[in-house]
Structures are given as structure tokens and as C-alpha cells.
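K.L.:
Would you mind keeping the following structure in view while I ask a few things?
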Amino acid sequence: MEALSEGYDVEVDVWKKLDYNGYFLGHDEPIYPIDCDFLRQPGIWGHAKNLSALCQMGEDGRTHFFWHENDRYTLTSRGYIWTYPGGELSENSICVLPETSDQPLQSKCYGTCSDYPIIYKSFLL
């Protein structure tokens, strides 16, 4: 919420349990319960971590979401290209975790997903 309030978009890991009306956040497992409205906020990019979450967000139609594991590229529900670290970028790409690859930082992308956004924000401005 702090990153959103500072003007950043955020990627969140989203889980769905069949016996629960809302969703859960958590990287490796569903931990933090949230409701649908949380995912509908501008700036939230929902990374579906299980099939139930993917299906439910797809049916909702008001969330921005995607699924990937080790795919080189995947399209988000709004048509952005989520790019595996080190992958070739386009103007519609999200450069994911550039700090984990030897790829030189480029401004030739739509956005950057990083654990260190302040570093990249100052580079790209």
C-alpha cells in the first residue's frame, strides 16, 4: 500500500481457495486474505499463483492479471508483455527483475518490475 501511495504500480502474488469468497496474497502459499476490490485498484498487477486465481480474475474482468512460471514471455490481461529476466524487450514489455540478469538497463520498455524500484526510477527519468 505504501508503494501504491508513492505512485508505483505493484505486482502481487494471488491465490484463490475454492472455499473462500475472496483471494489471498503470498509468494509461496496463500497467507493474507484480501477481497476482490483490492485487486481492482489501479496499479495492481495480480500474478495468479494457482489455476483458481487465474480463472476467477479472468471471470471478474476488472482486474489486471497474468500467469507465468518460467515462460520467456506472457501477456497480461491488458496486453503487456511480462518478460522473463534477461529477455529481449519491446516498448510494451515489462522488464522483470533486471537486477538478477546481466541485461543492461534500458528505457525501451513499458515498465520495470524490481525489488529496488527507486534505483530504476532515477535511471529512467
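Scheme for the C-alpha cells: letters A, B, ... for chains in order shown; per-chain residue numbers from 1; ligand numbers from 1 in order shown.
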Could you give me, as a ChimeraX atom specification, each residue of range 41-101 of chain A that DSSP assigns to helix (DSSP H, G or I) when run on this structure's backbone?
P.N.:
/A:51-60,98-100
K.L.:
I need the chosen residues saved as a compact mmCIF listing (two decimals), in the first residue's frame, with C-alpha atoms.
P.N.:
```txt
# COMPACT_ATOMS: atom_id res chain seq x y z
CA LEU A 51 -5.48 -22.06 -11.53
CA SER A 52 -8.39 -20.98 -9.32
CA ALA A 53 -6.95 -17.48 -9.01
CA LEU A 54 -6.34 -17.26 -12.75
CA CYS A 55 -9.88 -18.37 -13.58
CA GLN A 56 -11.54 -16.09 -11.02
CA MET A 57 -9.60 -12.99 -12.03
CA GLY A 58 -10.39 -13.75 -15.67
CA GLU A 59 -14.10 -14.01 -14.92
CA ASP A 60 -14.03 -10.78 -12.90
CA PRO A 98 16.78 -6.59 -14.11
CA GLU A 99 18.97 -6.85 -11.01
CA THR A 100 19.07 -10.65 -11.45
```
K.L.:
Need the shell around range 40-43 of chain A: protein/DNA/RNA residues with any atom at most 10 Å away, counting only C-alpha atoms. Skip same-chain ones fewer than 3 positions apart. Format as a PDB file with N, CA and C atoms, in the first residue's frame?
P.N.:
```pdb
ATOM      1  N   ALA A   3       3.845   1.541  -1.439  1.00  0.00           N
ATOM      2  CA  ALA A   3       4.355   1.731  -2.804  1.00  0.00           C
ATOM      3  C   ALA A   3       3.280   2.340  -3.706  1.00  0.00           C
ATOM      4  N   LEU A   4       2.043   1.870  -3.580  1.00  0.00           N
ATOM      5  CA  LEU A   4       0.946   2.447  -4.364  1.00  0.00           C
ATOM      6  C   LEU A   4       0.762   3.929  -4.032  1.00  0.00           C
ATOM      7  N   SER A   5       0.828   4.262  -2.751  1.00  0.00           N
ATOM      8  CA  SER A   5       0.621   5.656  -2.343  1.00  0.00           C
ATOM      9  C   SER A   5       1.752   6.564  -2.835  1.00  0.00           C
ATOM     10  N   GLY A   7       2.988   6.241  -5.812  1.00  0.00           N
ATOM     11  CA  GLY A   7       2.851   6.331  -7.261  1.00  0.00           C
ATOM     12  C   GLY A   7       3.375   5.152  -8.050  1.00  0.00           C
ATOM     13  N   TYR A   8       3.818   4.111  -7.364  1.00  0.00           N
ATOM     14  CA  TYR A   8       4.304   2.910  -8.054  1.00  0.00           C
ATOM     15  C   TYR A   8       3.153   1.950  -8.311  1.00  0.00           C
ATOM     16  N   ASP A   9       3.240   1.201  -9.404  1.00  0.00           N
ATOM     17  CA  ASP A   9       2.399   0.024  -9.576  1.00  0.00           C
ATOM     18  C   ASP A   9       3.064  -1.103  -8.797  1.00  0.00           C
ATOM     19  N   VAL A  10       2.298  -2.125  -8.428  1.00  0.00           N
ATOM     20  CA  VAL A  10       2.873  -3.246  -7.684  1.00  0.00           C
ATOM     21  C   VAL A  10       2.379  -4.572  -8.254  1.00  0.00           C
ATOM     22  N   GLU A  11       3.258  -5.541  -8.237  1.00  0.00           N
ATOM     23  CA  GLU A  11       2.924  -6.929  -8.608  1.00  0.00           C
ATOM     24  C   GLU A  11       2.683  -7.679  -7.321  1.00  0.00           C
ATOM     25  N   ASP A  35      -9.970  -8.926  -0.342  1.00  0.00           N
ATOM     26  CA  ASP A  35     -11.209  -9.032  -1.106  1.00  0.00           C
ATOM     27  C   ASP A  35     -10.958  -8.645  -2.558  1.00  0.00           C
ATOM     28  N   CYS A  36     -11.961  -8.819  -3.376  1.00  0.00           N
ATOM     29  CA  CYS A  36     -11.846  -8.549  -4.812  1.00  0.00           C
ATOM     30  C   CYS A  36     -11.497  -7.094  -5.094  1.00  0.00           C
ATOM     31  N   ASP A  37     -12.016  -6.182  -4.286  1.00  0.00           N
ATOM     32  CA  ASP A  37     -11.771  -4.758  -4.533  1.00  0.00           C
ATOM     33  C   ASP A  37     -10.291  -4.396  -4.441  1.00  0.00           C
ATOM     34  N   GLY A  46      -1.888  -8.478 -10.712  1.00  0.00           N
ATOM     35  CA  GLY A  46      -2.078  -9.736  -9.997  1.00  0.00           C
ATOM     36  C   GLY A  46      -1.398 -10.898 -10.713  1.00  0.00           C
ATOM     37  N   MET A  57      -9.944 -14.335 -11.576  1.00  0.00           N
ATOM     38  CA  MET A  57      -9.598 -12.987 -12.028  1.00  0.00           C
ATOM     39  C   MET A  57     -10.028 -12.794 -13.479  1.00  0.00           C
ATOM     40  N   ASP A  60     -13.709 -12.071 -13.497  1.00  0.00           N
ATOM     41  CA  ASP A  60     -14.033 -10.776 -12.896  1.00  0.00           C
ATOM     42  C   ASP A  60     -14.042  -9.671 -13.950  1.00  0.00           C
ATOM     43  N   GLY A  61     -13.051  -9.655 -14.815  1.00  0.00           N
ATOM     44  CA  GLY A  61     -12.989  -8.656 -15.874  1.00  0.00           C
ATOM     45  C   GLY A  61     -12.536  -7.272 -15.453  1.00  0.00           C
ATOM     46  N   ARG A  62     -12.302  -7.052 -14.160  1.00  0.00           N
ATOM     47  CA  ARG A  62     -11.897  -5.724 -13.692  1.00  0.00           C
ATOM     48  C   ARG A  62     -10.519  -5.730 -13.032  1.00  0.00           C
ATOM     49  N   THR A  63      -9.836  -6.862 -13.090  1.00  0.00           N
ATOM     50  CA  THR A  63      -8.502  -6.937 -12.510  1.00  0.00           C
ATOM     51  C   THR A  63      -7.468  -7.024 -13.622  1.00  0.00           C
ATOM     52  N   HIS A  64      -6.277  -6.552 -13.329  1.00  0.00           N
ATOM     53  CA  HIS A  64      -5.153  -6.685 -14.252  1.00  0.00           C
ATOM     54  C   HIS A  64      -4.315  -7.850 -13.718  1.00  0.00           C
ATOM     55  N   PHE A  65      -4.172  -8.899 -14.525  1.00  0.00           N
ATOM     56  CA  PHE A  65      -3.543 -10.113 -14.014  1.00  0.00           C
ATOM     57  C   PHE A  65      -2.774 -10.839 -15.109  1.00  0.00           C
TER      58      PHE A  65
END
```
K.L.:
Please provide as a list in words all residues within 7 Å of Ile34 in chain A, with the sequence filter that same-chain residues fewer than 4 positions apart are discarded (counting only C-alpha atoms).
P.N.:
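Neighbouring residues, sequence-local ones excluded: Gly22, Tyr23, Phe24 and Phe38 of chain A.
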K.L.:
As a ChimeraX atom specification, list the residues of range 18-122 of chain A assigned to strand (DSSP E or B) by DSSP on the backbone atoms of this structure.
P.N.:
/A:23-25,32-34,44-48,65-66,73-75,81-83,93-96,111-113
K.L.:
Skipping near chain neighbours, those fewer than 6 positions away, what residues fall within 6 Å of Thr112 in chain A using only C-alpha atoms, listed as a list in words?
P.N.:
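Within the cut-off, the hits are Ile94, Cys95 and Val96 of chain A.
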K.L.:
What does the distance from CA of Asp28 in chain A to CA of Trp15 in chain A come to in Å, to one decimal?
P.N.:
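It comes out at 9.6 Å.
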